[in-house]
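> As input, take structure_23.tsv (TSV, C-alpha atoms and all ligand atoms):
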chain	number	residue	atom	x	y	z
A	1	MET	CA	75.14	1.24	15.65
A	2	SER	CA	72.20	0.54	17.93
A	3	THR	CA	72.10	1.39	21.61
A	4	LYS	CA	74.24	-0.92	23.72
A	5	VAL	CA	73.49	-1.25	27.42
A	6	ILE	CA	76.40	-1.79	29.80
A	7	ALA	CA	76.35	-2.24	33.58
A	8	LEU	CA	79.29	-1.18	35.75
A	9	ALA	CA	78.95	-3.81	38.42
A	10	ASN	CA	80.76	-5.51	41.25
A	11	GLN	CA	79.00	-6.52	44.45
A	12	LYS	CA	82.09	-5.46	46.34
A	13	GLY	CA	81.87	-1.94	47.77
A	14	GLY	CA	84.35	0.85	47.12
A	15	VAL	CA	86.13	-0.72	44.17
A	16	GLY	CA	85.74	2.26	41.81
A	17	LYS	CA	82.42	1.49	40.07
A	18	THR	CA	81.09	5.04	40.34
A	19	THR	CA	84.41	6.72	39.57
A	20	THR	CA	84.70	4.54	36.49
A	21	ALA	CA	81.05	5.01	35.46
A	22	VAL	CA	81.24	8.81	35.66
A	23	ASN	CA	84.65	9.25	34.05
A	24	LEU	CA	84.29	6.58	31.39
A	25	ALA	CA	80.89	8.07	30.49
A	26	ALA	CA	82.38	11.57	30.27
A	27	CYS	CA	85.37	10.43	28.21
A	28	LEU	CA	83.13	8.48	25.83
A	29	ALA	CA	80.99	11.60	25.41
A	30	LYS	CA	84.16	13.56	24.61
A	31	ARG	CA	84.78	11.02	21.89
A	32	ARG	CA	81.46	12.04	20.34
A	33	GLN	CA	79.43	9.15	21.72
A	34	ASN	CA	75.91	9.88	22.88
A	35	ILE	CA	75.80	8.57	26.43
A	36	LEU	CA	73.11	8.07	29.03
A	37	LEU	CA	74.34	7.25	32.53
A	38	ILE	CA	71.71	5.82	34.87
A	39	ASP	CA	72.47	6.02	38.57
A	40	LEU	CA	71.00	2.84	40.10
A	41	ASP	CA	72.57	3.32	43.51
A	42	PRO	CA	70.48	4.97	46.28
A	43	GLN	CA	73.76	6.43	47.60
A	44	ALA	CA	73.54	8.64	44.46
A	45	ASN	CA	77.30	9.12	44.24
A	46	ALA	CA	77.31	9.29	40.44
A	47	THR	CA	74.54	11.90	40.61
A	48	SER	CA	76.44	14.18	42.98
A	49	GLY	CA	79.71	13.38	41.22
A	50	LEU	CA	78.28	14.92	38.07
A	51	GLY	CA	77.00	17.91	40.01
A	52	LEU	CA	73.31	17.01	39.67
A	53	ALA	CA	70.82	17.65	42.44
A	54	LYS	CA	69.01	14.77	44.08
A	55	GLU	CA	65.42	15.83	43.50
A	56	GLU	CA	62.43	13.97	44.76
A	57	GLY	CA	60.79	11.92	42.05
A	58	GLY	CA	63.75	12.42	39.74
A	59	SER	CA	65.15	8.90	39.88
A	60	ILE	CA	64.25	5.90	37.76
A	61	TYR	CA	61.96	4.64	40.55
A	62	SER	CA	58.69	5.75	38.93
A	63	ALA	CA	59.68	4.25	35.58
A	64	LEU	CA	60.52	0.93	37.25
A	65	LEU	CA	57.02	0.85	38.69
A	66	GLY	CA	55.56	1.64	35.27
A	67	GLU	CA	54.29	5.02	36.48
A	68	ALA	CA	56.45	7.27	34.28
A	69	ASP	CA	57.99	7.18	30.83
A	70	VAL	CA	61.72	6.78	31.37
A	71	ARG	CA	62.42	9.45	28.72
A	72	THR	CA	60.91	12.14	30.95
A	73	LEU	CA	63.53	11.42	33.62
A	74	VAL	CA	66.61	12.11	31.49
A	75	LYS	CA	68.62	15.20	32.53
A	76	PRO	CA	71.45	17.00	30.72
A	77	THR	CA	74.80	17.27	32.51
A	78	SER	CA	77.63	19.78	32.24
A	79	VAL	CA	79.32	17.43	29.77
A	80	LYS	CA	78.10	17.71	26.18
A	81	LYS	CA	76.53	14.48	24.87
A	82	LEU	CA	76.33	13.04	28.39
A	83	HIS	CA	72.85	12.73	29.88
A	84	MET	CA	71.85	11.18	33.13
A	85	ILE	CA	68.95	9.70	35.05
A	86	PRO	CA	69.92	10.67	38.60
A	87	SER	CA	69.33	8.74	41.79
A	88	GLU	CA	68.01	9.73	45.20
A	89	LEU	CA	67.75	7.99	48.55
A	90	ASP	CA	64.16	6.97	47.76
A	91	LEU	CA	65.48	4.46	45.29
A	92	ALA	CA	66.34	2.27	48.28
A	93	GLY	CA	62.61	1.77	48.96
A	94	CYS	CA	62.07	0.75	45.40
A	95	GLU	CA	63.36	-2.78	46.03
A	96	VAL	CA	60.40	-3.54	48.28
A	97	ALA	CA	57.90	-2.03	45.85
A	98	ILE	CA	59.33	-3.88	42.87
A	99	ALA	CA	59.48	-7.19	44.71
A	100	ARG	CA	55.68	-7.23	44.73
A	101	MET	CA	55.43	-6.93	40.96
A	102	ASP	CA	55.09	-9.73	38.44
A	103	ASN	CA	58.27	-10.18	36.51
A	104	TYR	CA	60.11	-8.18	39.15
A	105	LEU	CA	63.55	-8.92	37.71
A	106	HIS	CA	62.61	-7.39	34.36
A	107	CYS	CA	61.28	-3.99	35.52
A	108	LEU	CA	64.38	-2.11	34.38
A	109	LYS	CA	64.52	-3.88	31.04
A	110	ASN	CA	60.85	-3.07	30.42
A	111	ALA	CA	61.27	0.54	31.58
A	112	LEU	CA	64.22	1.10	29.25
A	113	ARG	CA	62.53	-0.29	26.15
A	114	PRO	CA	61.36	3.12	24.77
A	115	LEU	CA	64.91	4.49	25.12
A	116	VAL	CA	66.55	1.50	23.49
A	117	GLU	CA	64.00	1.47	20.66
A	118	GLN	CA	64.44	5.20	20.13
A	119	ASP	CA	68.13	4.42	19.49
A	120	GLU	CA	69.27	7.91	20.41
A	121	TYR	CA	72.18	6.82	22.57
A	122	ASP	CA	75.27	4.90	21.58
A	123	PHE	CA	75.62	3.57	25.12
A	124	ILE	CA	73.44	3.42	28.19
A	125	LEU	CA	75.61	2.83	31.27
A	126	PHE	CA	74.37	1.75	34.70
A	127	ASP	CA	76.21	2.63	37.90
A	128	CYS	CA	75.14	-0.33	40.07
A	129	PRO	CA	74.77	-0.50	43.84
A	130	PRO	CA	77.28	-2.62	45.76
A	131	SER	CA	74.97	-5.41	46.85
A	132	ILE	CA	73.25	-8.25	45.07
A	133	GLY	CA	69.71	-6.98	45.60
A	134	ILE	CA	66.76	-6.51	43.30
A	135	LEU	CA	68.13	-3.36	41.62
A	136	PHE	CA	71.44	-5.07	40.97
A	137	MET	CA	69.69	-8.11	39.47
A	138	ASN	CA	67.42	-5.87	37.38
A	139	ALA	CA	70.57	-4.28	35.96
A	140	LEU	CA	71.99	-7.66	34.97
A	141	TYR	CA	68.73	-8.65	33.27
A	142	ALA	CA	68.54	-5.35	31.39
A	143	THR	CA	72.12	-5.15	30.18
A	144	ASP	CA	73.97	-6.46	27.15
A	145	SER	CA	77.28	-6.68	28.97
A	146	VAL	CA	79.09	-5.91	32.20
A	147	VAL	CA	82.19	-3.86	32.90
A	148	ILE	CA	83.66	-5.08	36.20
A	149	PRO	CA	85.78	-2.53	38.04
A	150	MET	CA	88.15	-4.33	40.35
A	151	GLN	CA	90.57	-2.96	42.89
A	152	ALA	CA	94.12	-4.22	42.63
A	153	GLU	CA	94.29	-5.62	46.15
A	154	TYR	CA	94.70	-8.83	48.12
A	155	LEU	CA	91.79	-11.31	47.68
A	156	ALA	CA	90.48	-9.36	44.69
A	157	LEU	CA	90.01	-12.56	42.70
A	158	GLU	CA	87.76	-14.03	45.35
A	159	GLY	CA	85.31	-11.13	45.00
A	160	LEU	CA	85.50	-11.42	41.25
A	161	SER	CA	84.43	-15.04	41.28
A	162	VAL	CA	81.20	-14.05	43.06
A	163	ILE	CA	80.12	-11.55	40.41
A	164	LEU	CA	81.11	-13.95	37.64
A	165	SER	CA	78.99	-16.74	39.07
A	166	VAL	CA	76.00	-14.36	39.47
A	167	ILE	CA	76.45	-13.37	35.82
A	168	ASN	CA	76.43	-17.05	34.86
A	169	GLN	CA	73.22	-17.60	36.80
A	170	VAL	CA	71.52	-14.66	35.06
A	171	ARG	CA	72.69	-16.03	31.73
A	172	ASP	CA	71.05	-19.36	32.52
A	173	ALA	CA	67.89	-17.73	33.85
A	174	GLY	CA	66.82	-15.36	31.10
A	175	ASN	CA	69.59	-13.19	29.66
A	176	PRO	CA	71.55	-15.78	27.67
A	177	ASN	CA	73.64	-13.30	25.70
A	178	LEU	CA	74.94	-11.42	28.74
A	179	LYS	CA	78.63	-10.81	28.20
A	180	ILE	CA	81.63	-9.58	30.12
A	181	GLU	CA	82.59	-6.35	28.42
A	182	GLY	CA	85.85	-6.17	30.33
A	183	ILE	CA	87.53	-5.98	33.72
A	184	VAL	CA	89.02	-2.62	34.76
A	185	MET	CA	91.80	-2.66	37.32
A	186	THR	CA	91.28	0.41	39.53
A	187	MET	CA	93.30	2.19	42.21
A	188	CYS	CA	96.50	0.62	40.96
A	189	ASP	CA	99.67	1.58	42.71
A	190	LEU	CA	102.16	-0.17	40.51
A	191	ARG	CA	105.07	0.99	42.62
A	192	THR	CA	104.05	-1.70	45.09
A	193	ASN	CA	104.70	-5.38	44.41
A	194	LEU	CA	101.26	-6.33	45.65
A	195	ALA	CA	99.37	-4.35	43.00
A	196	GLN	CA	101.56	-5.77	40.26
A	197	GLN	CA	101.07	-9.29	41.62
A	198	VAL	CA	97.29	-8.83	41.61
A	199	VAL	CA	97.32	-7.52	38.04
A	200	ASP	CA	99.49	-10.48	36.97
A	201	GLU	CA	97.24	-12.96	38.75
A	202	VAL	CA	94.04	-11.54	37.24
A	203	GLU	CA	95.69	-11.51	33.82
A	204	LYS	CA	96.59	-15.15	34.23
A	205	TYR	CA	92.91	-16.06	34.63
A	206	PHE	CA	91.19	-13.50	32.48
A	207	GLY	CA	93.79	-12.54	29.88
A	208	ASP	CA	92.46	-10.11	27.33
A	209	SER	CA	89.20	-9.48	29.15
A	210	ILE	CA	91.24	-7.11	31.29
A	211	TYR	CA	91.57	-3.64	29.89
A	212	LYS	CA	95.20	-2.90	29.24
A	213	THR	CA	94.58	0.58	30.63
A	214	LEU	CA	95.19	0.49	34.37
A	215	ILE	CA	93.55	3.20	36.48
A	216	PRO	CA	96.11	4.64	38.93
A	217	ARG	CA	95.36	5.52	42.52
A	218	THR	CA	95.45	9.33	42.56
A	219	VAL	CA	94.16	11.97	44.94
A	220	ARG	CA	92.74	13.97	42.03
A	221	LEU	CA	90.30	11.18	41.17
A	222	SER	CA	88.99	11.13	44.72
A	223	GLU	CA	88.74	14.94	44.91
A	224	ALA	CA	86.83	15.57	41.67
A	225	PRO	CA	83.39	14.32	42.86
A	226	SER	CA	83.28	16.75	45.77
A	227	TYR	CA	83.32	19.56	43.17
A	228	GLY	CA	80.64	17.81	41.11
A	229	GLN	CA	83.13	17.44	38.30
A	230	THR	CA	84.51	14.69	36.15
A	231	ILE	CA	88.26	14.18	36.21
A	232	THR	CA	88.62	15.75	32.76
A	233	GLN	CA	86.91	18.90	34.06
A	234	TYR	CA	88.66	19.01	37.42
A	235	ALA	CA	92.19	18.04	36.45
A	236	PRO	CA	92.35	17.56	32.68
A	237	LEU	CA	96.10	16.98	32.59
A	238	SER	CA	96.26	14.59	35.53
A	239	LYS	CA	97.26	10.93	35.38
A	240	GLY	CA	93.68	9.97	36.25
A	241	ALA	CA	92.25	11.99	33.35
A	242	THR	CA	94.74	10.42	30.95
A	243	ALA	CA	93.88	6.94	32.21
A	244	TYR	CA	90.12	7.35	31.77
A	245	LYS	CA	90.62	8.90	28.31
A	246	ASN	CA	92.72	5.87	27.40
A	247	LEU	CA	90.12	3.53	28.86
A	248	ALA	CA	87.42	5.16	26.70
A	249	ARG	CA	89.59	4.72	23.63
A	250	GLU	CA	90.28	1.07	24.44
A	251	PHE	CA	86.60	0.49	25.23
A	252	LEU	CA	85.54	1.87	21.84
A	253	LYS	CA	88.19	-0.09	20.02
A	254	ARG	CA	86.76	-3.27	21.55
A	255	GLN	CA	83.34	-2.50	20.09
A	256	LYS	CA	84.66	-3.08	16.60
A	257	PRO	CA	84.09	-6.57	15.22
A	258	THR	CA	87.14	-8.82	15.56
A	259	PRO	CA	88.45	-9.91	12.14
A	260	ALA	CA	88.47	-13.61	13.09
A	261	THR	CA	84.84	-13.98	14.16
A	262	GLY	CA	83.04	-10.90	12.91
A	263	THR	CA	81.57	-10.54	16.38
A	264	GLU	CA	82.21	-7.89	18.98
A	265	SER	CA	85.03	-8.68	21.33
A	266	ALA	CA	83.03	-8.80	24.61
A	267	GLN	CA	83.02	-12.43	25.65
A	268	ILE	CA	81.00	-14.94	27.53
A	269	ILE	CA	83.30	-16.31	30.22
A	270	SER	CA	82.21	-19.51	31.87
A	271	VAL	CA	83.14	-19.82	35.48
A	272	PRO	CA	83.23	-23.35	36.83
A	273	GLY	CA	82.69	-22.30	40.45
A	274	ALA	CA	82.60	-19.44	42.89
A	275	ASN	CA	85.89	-20.54	44.41
A	276	PRO	CA	88.77	-18.74	42.68
A	277	ASP	CA	90.93	-21.82	43.15
A	278	SER	CA	88.63	-23.66	40.81
A	279	LEU	CA	88.89	-21.11	37.99
A	280	GLU	CA	90.29	-22.53	34.79
A	281	SER	CA	93.12	-20.84	32.96
A	282	ALA	CA	92.34	-18.08	30.47
A	283	ALA	CA	93.00	-20.43	27.56
A	284	GLU	CA	90.48	-22.98	28.83
A	285	ILE	CA	87.69	-20.45	29.30
A	286	GLY	CA	88.13	-18.92	25.86
A	287	LEU	CA	88.82	-15.19	25.93
A	288	ALA	CA	88.87	-12.46	23.31
A	289	GLU	CA	91.82	-11.50	21.16
A	290	SER	CA	94.01	-8.70	22.48
A	291	SER	CA	92.65	-5.27	21.63
A	292	GLU	CA	95.15	-2.50	22.34
A	293	ASP	CA	98.61	-1.75	23.60
A	294	THR	CA	99.09	-0.53	27.14
A	295	THR	CA	98.14	3.09	26.99
A	296	PHE	CA	99.25	4.36	30.31
B	301	LIG	N1	91.71	5.62	41.12
B	301	LIG	C1	91.40	6.15	42.30
B	301	LIG	N2	92.31	6.79	43.04
B	301	LIG	C2	92.01	7.29	44.25
B	301	LIG	N3	90.79	7.23	44.80
B	301	LIG	C3	89.82	6.60	44.10
B	301	LIG	C4	90.06	6.03	42.82
B	301	LIG	N4	88.92	5.48	42.38
B	301	LIG	C5	88.00	5.68	43.34
B	301	LIG	N5	88.53	6.35	44.38
B	301	LIG	C6	87.86	6.75	45.62
B	301	LIG	O1	87.56	5.55	46.33
B	301	LIG	C7	86.26	5.61	46.89
B	301	LIG	C8	85.40	4.51	46.30
B	301	LIG	O2	85.28	4.75	44.91
B	301	LIG	P1	83.88	4.62	44.16
B	301	LIG	O3	82.84	5.41	44.88
B	301	LIG	O4	84.11	4.93	42.73
B	301	LIG	O5	83.63	3.08	44.37
B	301	LIG	P2	82.27	2.28	44.24
B	301	LIG	O6	82.65	0.89	43.86
B	301	LIG	O7	81.32	2.99	43.37
B	301	LIG	O8	81.75	2.32	45.75
B	301	LIG	P3	80.30	1.83	46.26
B	301	LIG	O9	80.41	0.34	46.29
B	301	LIG	O10	80.15	2.44	47.62
B	301	LIG	O11	79.28	2.30	45.27
B	301	LIG	C9	85.75	7.01	46.58
B	301	LIG	O12	86.04	7.84	47.68
B	301	LIG	C10	86.54	7.44	45.37
B	301	LIG	O13	86.69	8.83	45.28
B	302	MG	MG	79.31	3.56	43.73
Translate this file's structure into structure tokens.

Amino acid sequence: MSTKVIALANQKGGVGKTTTAVNLAACLAKRRQNILLIDLDPQANATSGLGLAKEEGGSIYSALLGEADVRTLVKPTSVKKLHMIPSELDLAGCEVAIARMDNYLHCLKNALRPLVEQDEYDFILFDCPPSIGILFMNALYATDSVVIPMQAEYLALEGLSVILSVINQVRDAGNPNLKIEGIVMTMCDLRTNLAQQVVDEVEKYFGDSIYKTLIPRTVRLSEAPSYGQTITQYAPLSKGATAYKNLAREFLKRQKPTPATGTESAQIISVPGANPDSLESAAEIGLAESSEDTTF
């Protein structure tokens, strides 16, 4: 299989992008996948969450400007088969520098080319920043598909419609094959009616694009990053660890071609408008076949 690039993205802050990026990456690596996680957020939460130091000049900044070969920026992590390009606060300044370049939306895609051509990794994952800026847009132009982490909370669908319409715009403007890899429901407290209602509502619109694995809200998941550890290192038997292991399994299962079409199961979802009220039903927007039983 050739390298597939996947962005963990949602313009909404604090929805579990980084937690999902770090722990999905680690659980995929445990399943013998060669993974490169690129921290594209100047907050560098994925970098510290994996226990890596924020060192000056260590981020992808120089590669985006064409001043360094991206391969020289890759660092090993404490998880076997998981490598990382860390972030640092300087990455924030990068938006201004890139904006002056020709083809400024394609800097990341161009920078990654040697890595993708080298075909050493099964997956390159981006942990995206929570705002629709130049780095975020570069991620969407450089990626094959998007995993959207989404918090099971009131008005969640409204935020989702924003990212979906941005994805549609990028598809129209130069990355026509950009797909939705899947939607991950995070911080689920299924003892409350609200969380269950949100999951039901999102399922109604997006059907099988939603991973059947729901990520529970657990203290362990929020504690692990302060020790620079993944959840499988910090609390391997916890509910959070089990959930992310299950998510990795479901994610990999979705990579297999579906028998009906022979294509991978990540789908292009068309969104008629940014207003969630105007979203069509799952049947009308054509979603993938179901991939796995609930695993959690
Ligand atoms: N399943 C969970 N249970 C409990 N806490 C969680 C869970 N997932 C994430 N958190 C916590 O919620 C906060 C936000 O999570 P995270 O940093 O992953 O979100 P994010 O979308 O990357 O945020 P940002 O938009 O700032 O980059 C963090 O403190 C994290 O530890
Ligand atoms: Mg984050």
> Please write out the residues within 6 Å of ligand LIG 301 (chain B) as a VMD selection string, counting all atoms listed in the file.
chain A and resid 13 to 19 129 to 130 186 to 187 215 to 219 221 to 222
> State, in Å with one decimal place, the distance from atom CA of A:Thr192 to atom CA of A:Ala224.
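Atom CA of A:Ala224 lies at a distance of 24.6 Å from atom CA of A:Thr192.
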> Quick check, in Å to one decimal: how far apart do atom CA of A:Arg100 and atom CA of A:Leu178 lie?
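So the two atoms, atom CA of A:Arg100 and atom CA of A:Leu178, lie 25.4 Å apart.
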> Restricting the calculation to only C-alpha atoms: of A:Ala243, A:Val202, A:Pro76, A:Leu135, which residue gets closest to A:Ser161?
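Counting only C-alpha atoms, the residue closest to A:Ser161 is A:Val202.
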> Would you work out the distance separating atom CA of A:Phe126 from atom CA of A:Val146, expressed in Å to one decimal?
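Rounded to one decimal, the two atoms are 9.3 Å apart.
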> When you look at stretch 31-36 of chain A with a cut-off of 8 Å (counting all atoms listed in the file), what residues show up, excluding the ones that are within fewer than 3 positions of it in the same chain? I need them as a PyMOL selection string.
chain A and resi 25+27-28+81-85+120-125
> So that I can check the surroundings of A:Tyr141, please list as a list in words every protein, DNA and RNA residue that reaches within 8 Å of it, counting only C-alpha atoms and ignoring chain neighbours fewer than 6 positions away.
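Everything that qualifies: Leu105, His106, Leu108, Lys109, Val170, Gly174 and Asn175 of chain A.
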> Which one is closest to A:Asn103: A:Ile210, A:Leu91, A:Val70, A:Met137? Count all atoms listed in the file.
A:Met137
> Of the residues A:Met185, A:Val147, A:Leu40, A:Ile163, which is the one nearest to ligand MG 302 (chain B), using only C-alpha atoms and all ligand atoms?
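Of all the options, A:Leu40 lies closest to ligand MG 302 (chain B).
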> Measuring atom to atom with only C-alpha atoms, identify which of A:Val198, A:Cys94, A:Ala26, A:Leu37 is nearest to A:Asp127.
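Smallest separation from A:Asp127 among the options: A:Leu37.
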> Let me make sure I understand: among A:Ile148, A:Ala99, A:Ile60, A:Ala21, which one has the smallest atom-to-atom distance to ligand MG 302 (chain B) if we use all atoms listed in the file?
A:Ala21
> From the set A:Glu181, A:Asp189, A:Asp90, A:Asp208, which residue has the shortest atom-to-atom contact distance to A:Ala9, counting all atoms listed in the file?
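Under the stated criterion, the closest residue is A:Glu181.
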> As a list in words, please: the residues near A:Arg71 (cut-off 9 Å, all atoms listed in the file, same-chain neighbours under 4 positions excluded).
Leu112, Pro114 and Leu115 of chain A
